[in-house]
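Source file: model21.csv; contents: CSV, C-alpha atoms.
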chain,number,residue,atom,x,y,z
V,1,MET,CA,-40.4,178.4,-185.9
V,2,LYS,CA,-42.9,178.1,-183.1
V,3,LYS,CA,-43.8,175.4,-180.7
V,4,SER,CA,-47.1,175.1,-179.0
V,5,THR,CA,-46.5,173.1,-175.8
V,6,ILE,CA,-46.0,175.1,-172.6
V,7,LYS,CA,-44.2,173.4,-169.8
V,8,MET,CA,-43.1,175.5,-166.9
V,9,PRO,CA,-40.6,174.8,-164.2
V,10,GLY,CA,-42.3,172.9,-161.4
V,11,GLY,CA,-39.8,173.5,-158.5
V,12,VAL,CA,-39.6,176.5,-156.1
V,13,SER,CA,-36.1,177.4,-157.1
V,14,ARG,CA,-34.6,177.7,-160.5
V,15,ARG,CA,-31.2,177.0,-158.9
V,16,THR,CA,-32.2,173.4,-158.1
V,17,LEU,CA,-32.8,172.7,-161.8
V,18,LEU,CA,-29.1,172.9,-162.7
V,19,GLN,CA,-27.0,169.9,-162.0
V,20,THR,CA,-24.9,170.3,-158.9
V,21,THR,CA,-21.7,169.6,-160.8
V,22,ALA,CA,-22.3,172.6,-162.9
V,23,ALA,CA,-23.0,174.8,-159.9
V,24,ALA,CA,-19.5,174.2,-158.7
V,25,SER,CA,-17.9,175.8,-161.7
V,26,ALA,CA,-15.8,178.9,-161.0
V,27,VAL,CA,-16.8,182.3,-162.2
V,28,LEU,CA,-14.0,183.6,-164.4
V,29,ALA,CA,-13.5,186.5,-166.6
V,30,MET,CA,-12.9,184.9,-170.0
V,31,PRO,CA,-11.2,186.5,-173.0
V,32,GLY,CA,-13.4,187.4,-176.0
V,33,ILE,CA,-14.1,184.1,-177.8
V,34,VAL,CA,-16.5,185.1,-180.5
V,35,GLY,CA,-13.5,186.6,-182.1
V,36,ARG,CA,-14.5,187.6,-185.7
V,37,ALA,CA,-15.9,191.1,-186.2
V,38,ARG,CA,-19.3,191.0,-187.9
V,39,ALA,CA,-20.7,193.6,-190.2
V,40,ALA,CA,-24.3,194.4,-191.3
V,41,ALA,CA,-27.3,193.1,-189.5
V,42,LEU,CA,-26.6,190.3,-187.0
V,43,LYS,CA,-28.7,187.2,-187.2
V,44,VAL,CA,-30.4,186.8,-183.8
V,45,ALA,CA,-32.7,184.0,-182.7
V,46,ALA,CA,-34.7,183.8,-179.5
V,47,ILE,CA,-36.2,180.8,-177.6
V,48,TYR,CA,-38.9,181.4,-175.1
V,49,THR,CA,-40.7,178.9,-172.9
V,50,VAL,CA,-43.9,181.0,-172.7
V,51,PRO,CA,-45.9,183.2,-175.1
V,52,VAL,CA,-44.3,186.5,-176.0
V,53,GLU,CA,-47.2,188.2,-174.4
V,54,GLN,CA,-46.0,187.1,-170.9
V,55,GLN,CA,-44.6,190.0,-168.9
V,56,TRP,CA,-40.9,189.0,-168.7
V,57,VAL,CA,-40.5,187.6,-172.2
V,58,SER,CA,-42.5,190.5,-173.7
V,59,ARG,CA,-39.7,192.9,-172.6
V,60,ILE,CA,-37.0,190.9,-174.4
V,61,HIS,CA,-39.2,190.6,-177.5
V,62,LYS,CA,-39.8,194.3,-177.5
V,63,ALA,CA,-36.1,195.1,-177.3
V,64,ALA,CA,-35.3,192.7,-180.1
V,65,ASN,CA,-37.9,194.4,-182.3
V,66,VAL,CA,-36.5,197.8,-181.5
V,67,ALA,CA,-33.1,196.5,-182.7
V,68,VAL,CA,-34.8,195.2,-185.9
V,69,GLU,CA,-36.3,198.6,-186.6
V,70,ARG,CA,-32.8,200.2,-186.3
V,71,GLY,CA,-31.5,197.7,-188.8
V,72,ASP,CA,-29.1,196.2,-186.3
V,73,ILE,CA,-30.4,192.7,-186.4
V,74,GLU,CA,-32.5,190.1,-188.2
V,75,TYR,CA,-34.7,188.4,-185.7
V,76,VAL,CA,-36.6,185.1,-185.5
V,77,PHE,CA,-38.0,183.5,-182.4
V,78,SER,CA,-39.8,180.4,-181.0
V,79,GLU,CA,-42.3,180.8,-178.2
V,80,SER,CA,-44.0,178.4,-175.9
V,81,THR,CA,-41.1,176.0,-176.3
V,82,SER,CA,-41.3,173.1,-173.8
V,83,ASN,CA,-38.3,172.4,-171.6
V,84,ASN,CA,-37.9,169.0,-173.2
V,85,ASP,CA,-37.7,170.6,-176.7
V,86,TYR,CA,-35.5,173.5,-175.7
V,87,GLU,CA,-32.1,171.9,-176.6
V,88,ARG,CA,-33.3,170.8,-180.0
V,89,VAL,CA,-34.5,174.2,-180.9
V,90,MET,CA,-31.3,175.7,-179.6
V,91,ARG,CA,-29.3,173.4,-181.8
V,92,GLU,CA,-31.3,174.2,-184.9
V,93,TYR,CA,-30.8,177.9,-184.5
V,94,SER,CA,-27.1,177.3,-183.9
V,95,GLU,CA,-26.7,175.0,-186.9
V,96,ALA,CA,-28.5,177.7,-189.0
V,97,GLY,CA,-25.6,180.1,-188.2
V,98,HIS,CA,-27.3,182.7,-186.0
V,99,ASP,CA,-24.7,185.1,-184.6
V,100,LEU,CA,-26.5,185.5,-181.3
V,101,VAL,CA,-29.1,183.2,-179.6
V,102,ILE,CA,-31.1,184.6,-176.6
V,103,GLY,CA,-33.6,183.1,-174.3
V,104,GLU,CA,-34.2,181.8,-170.8
V,105,VAL,CA,-32.7,178.6,-169.7
V,106,PHE,CA,-33.6,178.4,-166.0
V,107,ALA,CA,-35.0,174.9,-166.3
V,108,VAL,CA,-32.5,173.6,-168.9
V,109,GLU,CA,-29.2,175.0,-167.7
V,110,GLU,CA,-26.9,172.1,-168.4
V,111,ALA,CA,-28.4,171.1,-171.7
V,112,ALA,CA,-28.2,174.7,-172.9
V,113,ARG,CA,-24.6,175.1,-171.9
V,114,GLN,CA,-23.7,171.9,-173.7
V,115,VAL,CA,-25.1,173.4,-176.9
V,116,ALA,CA,-22.9,176.4,-176.4
V,117,ARG,CA,-19.9,174.1,-176.0
V,118,ASP,CA,-20.8,172.4,-179.2
V,119,TYR,CA,-21.1,175.7,-181.1
V,120,PRO,CA,-18.1,177.8,-179.9
V,121,ASP,CA,-18.5,180.3,-182.8
V,122,GLN,CA,-22.0,181.3,-181.7
V,123,ALA,CA,-22.8,183.8,-178.9
V,124,PHE,CA,-25.4,182.9,-176.4
V,125,LEU,CA,-27.1,185.3,-174.0
V,126,MET,CA,-29.5,183.6,-171.7
V,127,GLY,CA,-31.6,184.4,-168.7
V,128,SER,CA,-30.1,182.3,-165.8
V,129,SER,CA,-29.8,182.2,-162.0
V,130,PHE,CA,-26.2,181.2,-162.4
V,131,LYS,CA,-23.0,183.1,-163.2
V,132,PRO,CA,-20.7,182.7,-166.3
V,133,MET,CA,-18.7,179.6,-166.2
V,134,ASP,CA,-15.2,178.8,-167.5
V,135,ASP,CA,-16.3,175.8,-169.6
V,136,THR,CA,-18.7,177.9,-171.7
V,137,PRO,CA,-16.8,181.0,-172.6
V,138,ASN,CA,-19.4,182.0,-175.3
V,139,PHE,CA,-22.3,181.8,-172.9
V,140,ALA,CA,-23.3,185.1,-171.1
V,141,VAL,CA,-26.1,185.4,-168.6
V,142,PHE,CA,-28.6,188.0,-167.6
V,143,ASP,CA,-31.6,188.5,-165.3
V,144,ASN,CA,-34.1,191.3,-164.5
V,145,TYR,CA,-32.5,193.1,-161.6
V,146,ILE,CA,-35.2,195.8,-161.4
V,147,GLN,CA,-35.2,196.1,-157.6
V,148,ASP,CA,-34.5,199.9,-158.0
V,149,ALA,CA,-37.9,200.5,-159.7
V,150,SER,CA,-39.7,198.0,-157.4
V,151,TYR,CA,-38.5,200.0,-154.4
V,152,LEU,CA,-39.8,203.2,-155.8
V,153,SER,CA,-43.2,201.6,-156.6
V,154,GLY,CA,-43.3,200.4,-153.0
V,155,ILE,CA,-43.0,204.0,-151.7
V,156,ILE,CA,-46.1,204.9,-153.7
V,157,ALA,CA,-47.9,201.8,-152.4
V,158,GLY,CA,-47.1,202.6,-148.8
V,159,ALA,CA,-48.5,206.1,-149.3
V,160,MET,CA,-51.7,204.9,-151.0
V,161,THR,CA,-52.8,202.0,-148.7
V,162,LYS,CA,-55.3,203.1,-146.0
V,163,THR,CA,-55.4,199.9,-144.0
V,164,GLY,CA,-51.7,199.4,-144.0
V,165,ASN,CA,-52.3,195.9,-145.3
V,166,ILE,CA,-50.9,194.9,-148.7
V,167,GLY,CA,-51.4,191.7,-150.5
V,168,MET,CA,-48.6,190.2,-152.7
V,169,VAL,CA,-49.1,187.5,-155.2
V,170,GLY,CA,-46.1,185.9,-157.0
V,171,GLY,CA,-45.4,183.0,-159.3
V,172,PHE,CA,-42.6,181.0,-157.5
V,173,PRO,CA,-40.5,182.1,-154.5
V,174,ILE,CA,-37.3,182.2,-156.6
V,175,PRO,CA,-34.5,184.8,-156.4
V,176,GLU,CA,-35.8,186.7,-159.5
V,177,VAL,CA,-39.2,187.2,-157.8
V,178,ASN,CA,-38.0,187.4,-154.2
V,179,ARG,CA,-35.6,190.3,-154.7
V,180,LEU,CA,-38.4,192.5,-156.3
V,181,MET,CA,-40.8,191.7,-153.5
V,182,HIS,CA,-38.3,192.6,-150.9
V,183,ALA,CA,-37.5,195.9,-152.6
V,184,PHE,CA,-41.1,196.8,-152.9
V,185,MET,CA,-41.7,196.0,-149.2
V,186,ALA,CA,-38.7,198.1,-148.2
V,187,GLY,CA,-40.1,201.0,-150.2
V,188,ALA,CA,-43.6,200.7,-148.6
V,189,ARG,CA,-42.0,200.7,-145.1
V,190,GLU,CA,-40.5,204.1,-145.9
V,191,MET,CA,-44.0,205.5,-145.7
V,192,LYS,CA,-45.5,203.2,-143.1
V,193,PRO,CA,-42.9,201.4,-141.0
V,194,ASP,CA,-45.5,199.1,-139.4
V,195,ILE,CA,-47.2,198.1,-142.6
V,196,LYS,CA,-48.3,194.5,-142.9
V,197,PHE,CA,-47.9,192.2,-145.9
V,198,GLN,CA,-49.7,189.0,-147.0
V,199,VAL,CA,-47.3,187.0,-149.3
V,200,ALA,CA,-48.5,184.1,-151.5
V,201,PHE,CA,-47.1,182.2,-154.5
V,202,ILE,CA,-49.3,180.4,-156.9
V,203,GLY,CA,-46.8,177.8,-158.2
V,204,SER,CA,-47.1,178.9,-161.9
V,205,TRP,CA,-45.8,181.5,-164.3
V,206,PHE,CA,-49.1,181.9,-166.1
V,207,ASP,CA,-52.3,181.1,-164.3
V,208,PRO,CA,-54.4,184.3,-164.1
V,209,PRO,CA,-57.5,182.6,-162.6
V,210,LYS,CA,-55.4,181.2,-159.7
V,211,ALA,CA,-53.6,184.5,-159.2
V,212,LYS,CA,-57.0,186.2,-159.1
V,213,GLU,CA,-58.5,183.8,-156.6
V,214,THR,CA,-55.4,184.2,-154.3
V,215,ALA,CA,-55.7,188.0,-154.5
V,216,PHE,CA,-59.4,187.8,-153.6
V,217,ALA,CA,-58.4,185.8,-150.4
V,218,GLN,CA,-55.9,188.5,-149.5
V,219,ILE,CA,-58.6,191.2,-150.0
V,220,ASP,CA,-61.0,189.3,-147.8
V,221,ALA,CA,-58.2,189.2,-145.2
V,222,GLY,CA,-57.9,193.0,-145.2
V,223,ALA,CA,-55.6,194.0,-148.0
V,224,ASP,CA,-56.6,197.3,-149.7
V,225,LEU,CA,-53.7,197.3,-152.2
V,226,LEU,CA,-52.1,194.4,-154.2
V,227,TYR,CA,-48.7,193.8,-155.6
V,228,ALA,CA,-49.3,192.2,-159.0
V,229,GLU,CA,-46.3,190.1,-159.8
V,230,ARG,CA,-48.5,187.9,-161.9
V,231,PHE,CA,-51.4,188.4,-164.4
V,232,GLY,CA,-54.8,188.1,-162.7
V,233,VAL,CA,-54.0,190.1,-159.6
V,234,SER,CA,-55.0,193.4,-161.0
V,235,ASP,CA,-58.3,191.9,-162.2
V,236,ALA,CA,-59.1,191.0,-158.6
V,237,ALA,CA,-58.2,194.5,-157.5
V,238,LYS,CA,-60.4,196.1,-160.2
V,239,GLU,CA,-63.4,193.9,-159.3
V,240,ARG,CA,-63.1,194.8,-155.6
V,241,GLY,CA,-62.4,198.5,-156.2
V,242,ILE,CA,-58.9,198.6,-154.7
V,243,LEU,CA,-55.5,199.6,-156.1
V,244,SER,CA,-52.6,197.5,-157.5
V,245,VAL,CA,-49.0,198.0,-158.4
V,246,GLY,CA,-47.6,196.3,-161.5
V,247,ASN,CA,-44.3,194.5,-162.3
V,248,VAL,CA,-42.1,194.4,-165.4
V,249,ILE,CA,-44.7,196.0,-167.7
V,250,ASP,CA,-47.2,198.9,-167.4
V,251,THR,CA,-50.8,197.7,-167.5
V,252,GLN,CA,-52.4,200.9,-166.5
V,253,ALA,CA,-54.0,201.3,-169.9
V,254,ASP,CA,-56.0,198.2,-169.2
V,255,TYR,CA,-56.7,199.2,-165.5
V,256,PRO,CA,-56.8,203.0,-165.5
V,257,GLU,CA,-58.5,203.3,-162.1
V,258,THR,CA,-56.6,200.4,-160.5
V,259,VAL,CA,-52.9,200.3,-161.4
V,260,VAL,CA,-51.3,203.2,-159.5
V,261,ALA,CA,-47.7,202.4,-160.3
V,262,SER,CA,-45.5,199.9,-162.0
V,263,ALA,CA,-41.8,198.9,-162.0
V,264,ILE,CA,-40.8,198.6,-165.7
V,265,TRP,CA,-37.9,196.4,-167.1
V,266,HIS,CA,-36.1,197.7,-170.1
V,267,PHE,CA,-34.1,194.9,-171.8
V,268,GLU,CA,-32.6,197.3,-174.4
V,269,PRO,CA,-29.4,198.1,-172.6
V,270,THR,CA,-28.7,194.3,-172.1
V,271,LEU,CA,-29.4,193.4,-175.7
V,272,ASP,CA,-27.7,196.4,-177.2
V,273,THR,CA,-24.5,195.7,-175.2
V,274,ALA,CA,-24.5,192.1,-176.5
V,275,ILE,CA,-25.1,193.1,-180.1
V,276,SER,CA,-22.2,195.6,-179.9
V,277,LYS,CA,-19.8,192.9,-178.4
V,278,VAL,CA,-20.8,190.3,-181.0
V,279,ARG,CA,-20.3,192.8,-183.7
V,280,ASP,CA,-16.8,193.8,-182.6
V,281,GLY,CA,-15.7,190.3,-181.7
V,282,SER,CA,-15.4,190.8,-178.0
V,283,PHE,CA,-18.4,188.8,-176.7
V,284,LYS,CA,-17.5,186.5,-173.8
V,285,ALA,CA,-18.9,184.8,-170.8
V,286,ASP,CA,-20.1,187.7,-168.7
V,287,ASP,CA,-22.9,188.7,-166.3
V,288,TYR,CA,-25.2,191.2,-167.9
V,289,GLY,CA,-27.4,191.6,-164.8
V,290,VAL,CA,-26.1,195.0,-164.1
V,291,TYR,CA,-27.7,196.4,-167.3
V,292,SER,CA,-31.1,196.0,-165.7
V,293,PHE,CA,-30.1,198.4,-162.9
V,294,MET,CA,-31.8,201.9,-163.0
V,295,LYS,CA,-28.5,203.7,-163.4
V,296,GLU,CA,-27.8,201.7,-166.6
V,297,GLY,CA,-31.3,202.5,-168.0
V,298,GLY,CA,-32.5,199.0,-167.4
V,299,CYS,CA,-35.5,199.8,-165.3
V,300,SER,CA,-37.8,202.7,-164.5
V,301,LEU,CA,-40.9,203.7,-162.6
V,302,ALA,CA,-43.8,204.0,-165.0
V,303,PRO,CA,-45.5,207.4,-165.4
V,304,LEU,CA,-48.3,207.9,-163.0
V,305,GLY,CA,-50.8,208.6,-165.8
V,306,THR,CA,-54.3,208.5,-164.5
V,307,PHE,CA,-53.0,208.8,-160.9
V,308,GLU,CA,-51.0,212.0,-161.6
V,309,GLY,CA,-51.7,214.4,-158.7
V,310,LYS,CA,-53.4,211.6,-156.6
V,311,VAL,CA,-50.3,210.3,-154.8
V,312,PRO,CA,-49.4,212.2,-151.7
V,313,GLU,CA,-46.8,214.9,-152.3
V,314,ASP,CA,-44.4,213.7,-149.6
V,315,ALA,CA,-44.3,210.3,-151.2
V,316,MET,CA,-43.5,211.7,-154.7
V,317,LYS,CA,-40.8,213.9,-153.2
V,318,LEU,CA,-39.2,210.9,-151.6
V,319,VAL,CA,-39.5,209.0,-154.9
V,320,ALA,CA,-37.7,211.8,-156.7
V,321,GLU,CA,-35.0,212.0,-154.1
V,322,ARG,CA,-34.4,208.3,-154.0
V,323,GLU,CA,-34.4,208.0,-157.8
V,324,ALA,CA,-31.7,210.6,-158.2
V,325,ALA,CA,-29.7,209.0,-155.5
V,326,ILE,CA,-30.0,205.5,-157.1
V,327,LYS,CA,-28.8,207.0,-160.4
V,328,ASP,CA,-25.8,208.7,-159.0
V,329,GLY,CA,-24.9,205.8,-156.8
V,330,SER,CA,-25.4,207.4,-153.4
V,331,PHE,CA,-28.3,205.1,-152.5
V,332,VAL,CA,-28.3,201.4,-153.2
V,333,VAL,CA,-31.4,199.3,-153.0
V,334,GLU,CA,-30.7,196.0,-151.2
V,335,ILE,CA,-30.8,192.8,-153.2
V,336,ASN,CA,-32.4,190.2,-151.0
V,337,ASP,CA,-33.0,186.8,-152.8
V,338,GLU,CA,-34.5,185.1,-149.7
V,339,GLU,CA,-38.2,184.0,-149.8
V,340,PRO,CA,-40.3,186.9,-148.4
V,341,LYS,CA,-42.8,186.0,-145.6
V,342,SER,CA,-46.1,187.4,-144.6
V,343,SER,CA,-46.0,189.8,-141.6
Transcribe the structure of this file into structure tokens.
Amino acid sequence: MKKSTIKMPGGVSRRTLLQTTAAASAVLAMPGIVGRARAAALKVAAIYTVPVEQQWVSRIHKAANVAVERGDIEYVFSESTSNNDYERVMREYSEAGHDLVIGEVFAVEEAARQVARDYPDQAFLMGSSFKPMDDTPNFAVFDNYIQDASYLSGIIAGAMTKTGNIGMVGGFPIPEVNRLMHAFMAGAREMKPDIKFQVAFIGSWFDPPKAKETAFAQIDAGADLLYAERFGVSDAAKERGILSVGNVIDTQADYPETVVASAIWHFEPTLDTAISKVRDGSFKADDYGVYSFMKEGGCSLAPLGTFEGKVPEDAMKLVAEREAAIKDGSFVVEINDEEPKSS
């Protein structure tokens, strides 16, 4: 089942898209509600509001296909599902008896939770800015908390910029983007405390031409390295002969002389935990965000690849030290969801 209409959230905060009455619900640890153990391959359906090629969704899609290859799940999905059509598609998958439905409901929170209430025997694992709620005990949430890897990529960026001026282009100034930008900036300051940042948001999740033009403007204003939160930014860096740092996926194969580092999201720990809990009947309303942390295997710094040996040794030493400390819990990267500003 595939839909062709793309309709992206138009506001600057996903939180504003959920009705205020739902936002007041308490966060409670609920007992397991999908109570029957399930054998053999689980039936899993996914609903995406963008094409599966888009960075964020591509990582969920990849993890699902890995589970298919293991024989753990049967997997179907809908991509480019409009917000107006999301509830209908969700109900169709639920009515078809899928054991687990996954997706991203940032713009359709209340409608999605109502579907979960109407199908209490199904498990729902959805990307959300909100926490689990007591009125939807079969509705768990996740998000890509990859600030650990973003921080490490920032250390490399701080070592590689010559002008001390970094351009940053994001989609929307929402918590899911803001926390990664702040972590990257903190890492860069480890190498150059007085570094300057140009921060801009294009108001779209997928508009490579606009992202590219925004990046060109930052280069013209002195940036010699770009943080590519959106597609299109690395194209600008490549054309102008400067470096970029990627987010969520590794695009170095497409930009071998441009992308020096990337913070990678691994959705496998999140999905595998949900599969296990659905299978043993213990799935409940819970926050799966922790499974994106580096110590849980949920994110990593991409291999340097073509930039191996080109990053200053002191930066790579600090990266190794911080990565080990993050994994053993002795160093914690701050989670800052506030909108970042240019400096």
| request: Tell me, as number ranges by chain, which residues lie within 7 Å of Ala211 (chain V), counting all atoms listed in the file; anything in the same chain fewer than 4 positions away does not count. | output: V: 169, 202, 207, 215, 230-233
| task | Take CA of Asn144 (chain V) and CA of Arg70 (chain V) and report the distance between them in Å, one decimal. | result |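 Straight-line distance from CA of Asn144 (chain V) to CA of Arg70 (chain V) works out to 23.6 Å.
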| request: Using all atoms listed in the file, find the one residue out of V:Val333, V:Ala285, V:Val44, V:Leu304 that sits nearest to Arg117 (chain V). | output: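 Ranked by minimum distance to Arg117 (chain V), first place goes to V:Ala285.
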| field | Pick from V:Ala149, V:Lys192, V:Tyr255, V:Thr306, whichever lies nearest to Val332 (chain V) using only C-alpha atoms | value |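 Under the stated criterion, the closest residue is V:Ala149.
For the set V:Trp205, V:Trp56, V:Phe267, V:Tyr75, the residue with the smallest atom-to-atom gap to Leu42 (chain V) is V:Tyr75, counting all atoms listed in the file.
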| Separation of CA of Ala253 (chain V) from CA of Ala315 (chain V), in Å and rounded to one decimal | 22.9 Å
| What is the distance, in Å and to one decimal place, between CA of Leu100 (chain V) and CA of Arg179 (chain V)? |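 It comes out at 28.5 Å.
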| message | Which residues are near Ala64 (chain V)? Cut-off 10 Å, all atoms listed in the file, ignore same chain within fewer than 4 positions. Put them as a PyMOL selection string. | response | chain V and resi 44-46+58-60+68-69+72-77+102+267-268+271-272
| task | Select, from V:Asp118, V:Pro269, V:Gly171, V:Ile156, the residue with the minimum atom-to-atom distance to Ser244 (chain V), counting all atoms listed in the file. | result | V:Ile156
| query | Pick from V:Asp121, V:Asp85, V:Glu109, V:Asp250: nearest to Ile264 (chain V), with all atoms listed in the file counted? | reply |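 Once distances to Ile264 (chain V) are computed over all atoms listed in the file, the minimum belongs to V:Asp250.
When only C-alpha atoms are used to measure the gap to Ala200 (chain V), the shortest distance among V:Arg279, V:Lys43, V:Arg322, V:Lys341 belongs to V:Lys341.
All residues of protein, DNA or RNA that reach within 12 Å of Asn336 (chain V), judged by only C-alpha atoms and not counting those fewer than 4 positions away in the chain, are Tyr145, Gln147, Pro173, Ile174, Pro175, Glu176, Val177, Asn178, Arg179, Leu180, Met181, His182, Ala183, Phe184, Met185, Ala186 and Pro340 of chain V.
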| Counting all atoms listed in the file, what is within 7 Å of Ile249 (chain V), bar same-chain residues fewer than 6 positions away, as a list in words? |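 In the requested form, the answer reads Gln55, Ser262, Ile264 and Trp265 of chain V.
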Since fewer atoms than expected are present, regenerate N, CA, C and O atoms for region 112-124 of chain V and write them as a CSV table (one decimal), in the coordinates of the input.
chain,number,residue,atom,x,y,z
V,112,ALA,N,-28.5,173.5,-172.2
V,112,ALA,CA,-28.2,174.7,-172.9
V,112,ALA,C,-26.7,175.0,-173.0
V,112,ALA,O,-26.2,175.4,-174.0
V,113,ARG,N,-26.0,174.8,-171.9
V,113,ARG,CA,-24.6,175.1,-171.9
V,113,ARG,C,-23.8,174.1,-172.7
V,113,ARG,O,-22.8,174.4,-173.3
V,114,GLN,N,-24.4,172.9,-172.8
V,114,GLN,CA,-23.7,171.9,-173.7
V,114,GLN,C,-23.9,172.3,-175.1
V,114,GLN,O,-22.9,172.1,-175.9
V,115,VAL,N,-25.0,172.9,-175.5
V,115,VAL,CA,-25.1,173.4,-176.9
V,115,VAL,C,-24.1,174.5,-177.2
V,115,VAL,O,-23.5,174.5,-178.2
V,116,ALA,N,-23.9,175.3,-176.2
V,116,ALA,CA,-22.9,176.4,-176.4
V,116,ALA,C,-21.5,175.8,-176.5
V,116,ALA,O,-20.7,176.3,-177.4
V,117,ARG,N,-21.2,174.8,-175.8
V,117,ARG,CA,-19.9,174.1,-176.0
V,117,ARG,C,-19.7,173.6,-177.4
V,117,ARG,O,-18.6,173.6,-178.0
V,118,ASP,N,-20.8,173.0,-177.9
V,118,ASP,CA,-20.8,172.4,-179.2
V,118,ASP,C,-20.7,173.4,-180.4
V,118,ASP,O,-20.4,173.0,-181.5
V,119,TYR,N,-21.1,174.7,-180.1
V,119,TYR,CA,-21.1,175.7,-181.1
V,119,TYR,C,-20.3,176.9,-180.6
V,119,TYR,O,-20.8,178.0,-180.3
V,120,PRO,N,-19.0,176.8,-180.5
V,120,PRO,CA,-18.1,177.8,-179.9
V,120,PRO,C,-18.1,179.1,-180.7
V,120,PRO,O,-17.7,180.1,-180.2
V,121,ASP,N,-18.5,179.1,-182.0
V,121,ASP,CA,-18.5,180.3,-182.8
V,121,ASP,C,-19.7,181.1,-182.6
V,121,ASP,O,-19.8,182.3,-183.2
V,122,GLN,N,-20.8,180.6,-182.0
V,122,GLN,CA,-22.0,181.3,-181.7
V,122,GLN,C,-21.9,182.0,-180.4
V,122,GLN,O,-21.3,181.5,-179.5
V,123,ALA,N,-22.7,183.1,-180.2
V,123,ALA,CA,-22.8,183.8,-178.9
V,123,ALA,C,-24.1,183.5,-178.3
V,123,ALA,O,-25.2,183.5,-179.1
V,124,PHE,N,-24.2,183.2,-177.0
V,124,PHE,CA,-25.4,182.9,-176.4
V,124,PHE,C,-25.6,183.8,-175.2
V,124,PHE,O,-24.7,184.0,-174.3
